[in-house]
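Heads up, the thing below is written out as structure tokens.
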Amino acid sequence: MNHENDASADISVDIDSFVDSLSLEEKASLGSGAAFWVTERTAGLPAVVMEDGPHGVRHQPGDVDHMGIAPSAPATCFPPATALAQTWDPELIERVGEALGTEARSFGTDVLLGPGVNIKRDPRCGRNFEYFSEDPLLSGRMGAAWVRGLQRRGAGASVKHFAANNQEFERMRSSSDIDERPLREIYLRSFERVVREAQPWTVMASYNRLNGVPTTENHWLLTKVLRDEWGFDGLVVSDWGAVADRVRAVLGGLDLQMPGGDAGSDQEVVDAVRSGELDESVVTERARRTVQLARRAENARRAHPDAALDVDRHHGLAREVAGRAIVLLKNDGDVLPLAADGRSVAVIGPFAVEPRIQGGGSSRVVPTKVDVAVDEMRAIAGSTTIAVADGYRHDGGDAEHLRAEAARHAAEADVAVVFLGLTAAEEAEGTDRPDIDLPTHQLELLKAVTAAQPRTVAVIVHGGVVRLHEVADRVPAVLDGSILGQAGGGAIADVLFGRVNPSGRLAETVPLRIEDAPSFPTYPGDQFHVRYGEGIFVGYRGYDRMKRDVAFPFGHGLSYTTFEYRDLHISAAGDDIQITVTVANAGTRDGREVVQIYVAKDDGVQRPPVELKAFRSVRLAPGESSETVLVISRDELAYWDISLHRWVVEGGRYTFHAGASSRDLRLSKETEVEADTVRRPFTENSTIGELLAHPVAARVLAAAVQQGAGQARSTASKELGIDAKKSGLRIPVGRVRSLSGGASLPKAELTRLLEAVNAESGN
Ligand code: BGC
């Protein structure tokens, strides 16, 4: 399916007049693919090839199935999104995007199906390894960087899964029921950022329903929000098999149904136009988008004719990124890094010799090669000797014997490194995990090893969060080995031996137990509805709000050096806010700190205790200090107002914290922010207090409400024994009449007064 340099293709096509010249049948057929991975050929342009994605190209020659069952051509398996996010470095991720773009072009893949920017709402979601974070800013910035890099090298992105596809359980039937504010501030926010900042070629509509309506048919989502508000000018494609009703999908804003091959659904579109159910202009508009995508793809093919897969260079990049993604969670007594000085290390656990590099499902890439951790350790261990023991087997074995053997190795060595974790089968697309526990036999192994060797390092291999405090309580050092792609084994060796100073930071909170998760009471829903009852309190926003202890907080990660923070300054930068903070490397090794800025506001609308608003990864030599400048755009401070249905920046005092994690805030400063000017007309529901607080309204209304308010006050104080003045002020003005026994403010008079107040006060 390689269309590189199709010299006969006509890119000068005038899309509008071309589409106008098509018959209804032709236009309808452009709205569904020609085969599993390809669109229809049109306008003299080659078909567009769309393939998975996201962390490598899964090119399947011929029109075969998806879900990773059929083989695909070897391609670099980069670290999946869960690991990429832990770098907290969009520039690095942009380089990964570029490499993926080059590989995609080299295979003739026009659109790489990714990135996944869904929020990690519940730690059990089986696909969390394909997503970046529980935080929308981090998810959105990483996703936008990935798309920019990819598209710069001539392949289009497909941002997925739009939207609110936050669990795999019943993913094709479940409705994510989300209130307006969390939907805007948390779940749509990452998509919004990617669309606005990186202009992806396509957006992929998800399997689930959103507030009862399938996302593939959701006009509010696909048309009003995505196109009208965010200005998306690309193509909306369905997830593979997500369309249940093609006509409703066309009406909602879906341009392309995938996979192709369902001619019956094209006929349904034709019939709907003939019966008057669907306006032909809608079908024309959808067809125009498919032609536009075909032209974009052809332009990209021509602009990047020589793209070639450089296996070694990309493997090197995969190792660099994997090294940057590893999080040093704990390192008591500086057990790490290991020394290459003739001591001995016992390496235990199957993941050390049979690497797990990714998750299961449609994103599964056939790697070009795979680094094995223990081999890579040997390669850089110098005179240090490395002995290996199984410790346990994924498929049983004689557990007791394996444990005893591992403990013996550990006792004989100077230090033990135990690899624990989950297999790809336990973390795969299409299913969620029942819990976040590590298998019991692994914890038993750890117990046996630590009894024999207190200097034990645990390396955790996993796609989604696992319960860690039993591990962390038992060992002095823990490395979060995530799933790191094909070069992960080398990266783990680099970090263990200090060739790379760890600088990864958690992109998701590690709770003490799953029951603490803010989503716990409502996940996975009931009767095909999952109510996102925690609202905006997702991830650390929820753990903080509930004051829950956690095993490791969002943003946490240690280094082999230490960093100090000083001189936090906040100043205005035009409309935006500039933060400067000096960070110093106070240790003896080169290292990277991720400076995180969290914002808090105590009054006004309800907010999480702190929210991430900016971050920067800074590299510092020993003794070096650097003044880090971060700019927070004023818009980032806005909340979503559910009565005005828009973003609003509240005025008042905001606290800016600079820190090394969401729970390690080192310096704080407050600053005053001016409010947005918003028209918020007074209504019958406005209280007397609100009206009297407004100078114009107070003047117009003072006399009119006096009598009624007086009556209300006396009723309140007489009958309830409450502070009459205060409670009187809280009475909606529309109730004054009934409270005064009809004595004041008849309805018509109130309406007139409110109109006058609104007119005079400019509301
Ligand atoms: C997945 C998508 C993927 C598509 C094509 C679907 O099952 O949800 O993420 O891109 O298949 O393989």
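FYI, nothing fancy with the structure tokens labels: chains A, B, ... in order, residues from 1 per chain, ligands from 1 as they appear.
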
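Non-sequential neighbours of Met142 in chain A (distance at most 8 Å, separation of 6 or more positions within a chain, only C-alpha atoms) are A:Leu84, A:Ala85, A:Trp88, A:Asp89, A:Pro90, A:Ile93, A:Phe132.
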
Show me a table, sorted first by chain and then by increasing residue number, of the residues of chain A having an atom at most 8 Å from ligand 1, each with its shortest atom pair and the distance in Å to one decimal, counting only C-alpha atoms and all ligand atoms and written as JSON lines.
```
{"residue": "A:Glu51", "atom": "CA", "partner": "ligand 1", "partner_atom_place_in_ligand_line": "5 (C)", "distance": 6.8}
{"residue": "A:Asp52", "atom": "CA", "partner": "ligand 1", "partner_atom_place_in_ligand_line": "10 (O)", "distance": 5.3}
{"residue": "A:Gly53", "atom": "CA", "partner": "ligand 1", "partner_atom_place_in_ligand_line": "10 (O)", "distance": 6.6}
{"residue": "A:Pro54", "atom": "CA", "partner": "ligand 1", "partner_atom_place_in_ligand_line": "10 (O)", "distance": 8.0}
{"residue": "A:His66", "atom": "CA", "partner": "ligand 1", "partner_atom_place_in_ligand_line": "12 (O)", "distance": 4.7}
{"residue": "A:Met67", "atom": "CA", "partner": "ligand 1", "partner_atom_place_in_ligand_line": "12 (O)", "distance": 5.4}
{"residue": "A:Gly68", "atom": "CA", "partner": "ligand 1", "partner_atom_place_in_ligand_line": "12 (O)", "distance": 7.7}
{"residue": "A:Leu113", "atom": "CA", "partner": "ligand 1", "partner_atom_place_in_ligand_line": "10 (O)", "distance": 5.0}
{"residue": "A:Gly114", "atom": "CA", "partner": "ligand 1", "partner_atom_place_in_ligand_line": "10 (O)", "distance": 7.0}
{"residue": "A:Gly116", "atom": "CA", "partner": "ligand 1", "partner_atom_place_in_ligand_line": "9 (O)", "distance": 7.7}
{"residue": "A:Lys160", "atom": "CA", "partner": "ligand 1", "partner_atom_place_in_ligand_line": "9 (O)", "distance": 6.9}
{"residue": "A:His161", "atom": "CA", "partner": "ligand 1", "partner_atom_place_in_ligand_line": "9 (O)", "distance": 6.9}
{"residue": "A:Ser206", "atom": "CA", "partner": "ligand 1", "partner_atom_place_in_ligand_line": "8 (O)", "distance": 7.3}
{"residue": "A:Tyr207", "atom": "CA", "partner": "ligand 1", "partner_atom_place_in_ligand_line": "8 (O)", "distance": 7.4}
{"residue": "A:Asp239", "atom": "CA", "partner": "ligand 1", "partner_atom_place_in_ligand_line": "6 (C)", "distance": 5.7}
{"residue": "A:Trp240", "atom": "CA", "partner": "ligand 1", "partner_atom_place_in_ligand_line": "11 (O)", "distance": 4.9}
{"residue": "A:Gly241", "atom": "CA", "partner": "ligand 1", "partner_atom_place_in_ligand_line": "7 (O)", "distance": 7.6}
{"residue": "A:Gly361", "atom": "CA", "partner": "ligand 1", "partner_atom_place_in_ligand_line": "7 (O)", "distance": 7.7}
{"residue": "A:Ser362", "atom": "CA", "partner": "ligand 1", "partner_atom_place_in_ligand_line": "12 (O)", "distance": 4.8}
{"residue": "A:Ser363", "atom": "CA", "partner": "ligand 1", "partner_atom_place_in_ligand_line": "9 (O)", "distance": 7.1}
{"residue": "A:Glu429", "atom": "CA", "partner": "ligand 1", "partner_atom_place_in_ligand_line": "8 (O)", "distance": 7.6}
{"residue": "A:Gly430", "atom": "CA", "partner": "ligand 1", "partner_atom_place_in_ligand_line": "7 (O)", "distance": 7.9}
```

Quiz item: Can you list, as JSON, numbers by chain, every protein, DNA or RNA residue that comes within 7 Å of range 493-500 of chain A when you count only C-alpha atoms, leaving out same-chain residues fewer than 3 positions away?
Solution: {"A": [323, 336, 337, 338, 339, 373, 376, 377, 489, 490]}

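Non-sequential neighbours of range 325-331 of chain A (distance at most 7 Å, separation of 6 or more positions within a chain, only C-alpha atoms) are Ala83, Leu84, Gln86, Thr87, Pro476, Ala477, Val478, Leu479, Asp480, Gly481, Ser482, Pro502, Ser503, Gly504, Arg505, Leu506, Gly557, Leu558 and Ser559 of chain A.
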
Quiz item: Residues of range 291-510 of chain A in strand (DSSP E or B) according to DSSP, as an MDAnalysis selection string?
Solution: chainID A and resid 327:331 344:348 360 385:389 393 396 415:421 428 456:461 477:480 510

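For the pair CA of Arg121 in chain A and CA of Ser175 in chain A, the interatomic distance is 14.5 Å.
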
Quiz prompt | Surrounding residues of Tyr598 in chain A excluding itself and chain neighbours under 5 positions, 12 Å, only C-alpha atoms, as a PyMOL selection string | solution = chain A and resi 135+137+540-541+554-555+579+608-615+630+632+636-637+654-670

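With distances restricted to only C-alpha atoms, A:Asp110 is the closest residue to Ser158 in chain A from A:Asp177, A:Asp271, A:Asp110, A:Glu130.
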
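Residue neighbourhood of Val147 in chain A, excluding near-sequence residues (fewer than 6 positions): Gly97, Ala157, Ala198 and Pro200 of chain A, at 7 Å, using only C-alpha atoms.
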
Self-check item: helix (DSSP H, G or I) residues, from DSSP on the backbone, in range 178-264 of chain A, as a ChimeraX atom specification
Solution: /A:180-187,189-198,215-217,219-229,246-252,263-264

Practice problem: Please identify all polymer residues within 12 Å of Val273 in chain A, counting only C-alpha atoms, omitting same-chain residues fewer than 4 positions from it, and present them as JSON, numbers by chain. | Solution: {"A": [24, 25, 27, 28, 247, 250, 251, 266, 267, 268, 269, 277, 278, 279, 280, 281, 282, 283, 284]}

For N, CA, C and O atoms, I'd like the residues from the last selection saved as a short mmCIF file (atom, residue, chain, number, x, y, z; two decimals), in the first residue's frame.
```
data_model
loop_
_atom_site.label_atom_id
_atom_site.label_comp_id
_atom_site.auth_asym_id
_atom_site.auth_seq_id
_atom_site.Cartn_x
_atom_site.Cartn_y
_atom_site.Cartn_z
N LEU A 24 -24.52 12.01 -5.78
CA LEU A 24 -24.81 11.74 -4.37
C LEU A 24 -24.17 10.42 -3.94
O LEU A 24 -23.58 10.32 -2.85
N GLU A 25 -24.27 9.40 -4.78
CA GLU A 25 -23.72 8.09 -4.45
C GLU A 25 -22.21 8.19 -4.24
O GLU A 25 -21.65 7.59 -3.32
N LYS A 27 -20.48 10.81 -3.40
CA LYS A 27 -20.18 11.55 -2.16
C LYS A 27 -20.40 10.66 -0.93
O LYS A 27 -19.60 10.65 -0.01
N ALA A 28 -21.49 9.92 -0.96
CA ALA A 28 -21.77 9.03 0.19
C ALA A 28 -20.65 8.01 0.35
O ALA A 28 -20.23 7.70 1.48
N VAL A 247 -26.40 7.35 9.33
CA VAL A 247 -27.09 8.61 9.00
C VAL A 247 -27.02 9.57 10.19
O VAL A 247 -26.68 10.75 10.04
N VAL A 250 -23.54 10.96 10.29
CA VAL A 250 -23.31 12.02 9.29
C VAL A 250 -23.93 13.33 9.80
O VAL A 250 -23.32 14.40 9.76
N LEU A 251 -25.13 13.23 10.33
CA LEU A 251 -25.80 14.42 10.86
C LEU A 251 -25.01 15.03 12.02
O LEU A 251 -24.91 16.24 12.16
N ASP A 266 -23.35 3.30 3.07
CA ASP A 266 -23.37 4.38 2.08
C ASP A 266 -24.78 4.51 1.50
O ASP A 266 -25.30 5.61 1.31
N GLN A 267 -25.39 3.35 1.24
CA GLN A 267 -26.74 3.37 0.67
C GLN A 267 -27.73 4.02 1.65
O GLN A 267 -28.63 4.75 1.24
N GLU A 268 -27.51 3.78 2.95
CA GLU A 268 -28.41 4.40 3.94
C GLU A 268 -28.33 5.92 3.86
O GLU A 268 -29.33 6.62 4.00
N VAL A 269 -27.13 6.42 3.60
CA VAL A 269 -26.96 7.87 3.47
C VAL A 269 -27.71 8.37 2.24
O VAL A 269 -28.44 9.38 2.28
N GLU A 277 -34.63 13.11 4.94
CA GLU A 277 -34.16 13.07 6.34
C GLU A 277 -32.82 13.79 6.49
O GLU A 277 -32.49 14.33 7.54
N LEU A 278 -32.07 13.80 5.42
CA LEU A 278 -30.71 14.36 5.47
C LEU A 278 -30.55 15.31 4.29
O LEU A 278 -30.92 14.97 3.17
N ASP A 279 -29.99 16.49 4.58
CA ASP A 279 -29.77 17.45 3.50
C ASP A 279 -28.52 17.06 2.71
O ASP A 279 -27.49 16.75 3.31
N GLU A 280 -28.59 17.12 1.40
CA GLU A 280 -27.44 16.69 0.59
C GLU A 280 -26.21 17.53 0.89
O GLU A 280 -25.07 17.05 0.81
N SER A 281 -26.43 18.80 1.27
CA SER A 281 -25.27 19.66 1.53
C SER A 281 -24.40 19.10 2.68
O SER A 281 -23.19 19.31 2.72
N VAL A 282 -25.05 18.38 3.60
CA VAL A 282 -24.28 17.79 4.70
C VAL A 282 -23.37 16.69 4.16
O VAL A 282 -22.19 16.59 4.52
N VAL A 283 -23.90 15.90 3.26
CA VAL A 283 -23.11 14.81 2.67
C VAL A 283 -21.96 15.41 1.84
O VAL A 283 -20.83 14.91 1.84
N THR A 284 -22.26 16.50 1.16
CA THR A 284 -21.23 17.18 0.36
C THR A 284 -20.08 17.65 1.25
O THR A 284 -18.90 17.48 0.94
#
```
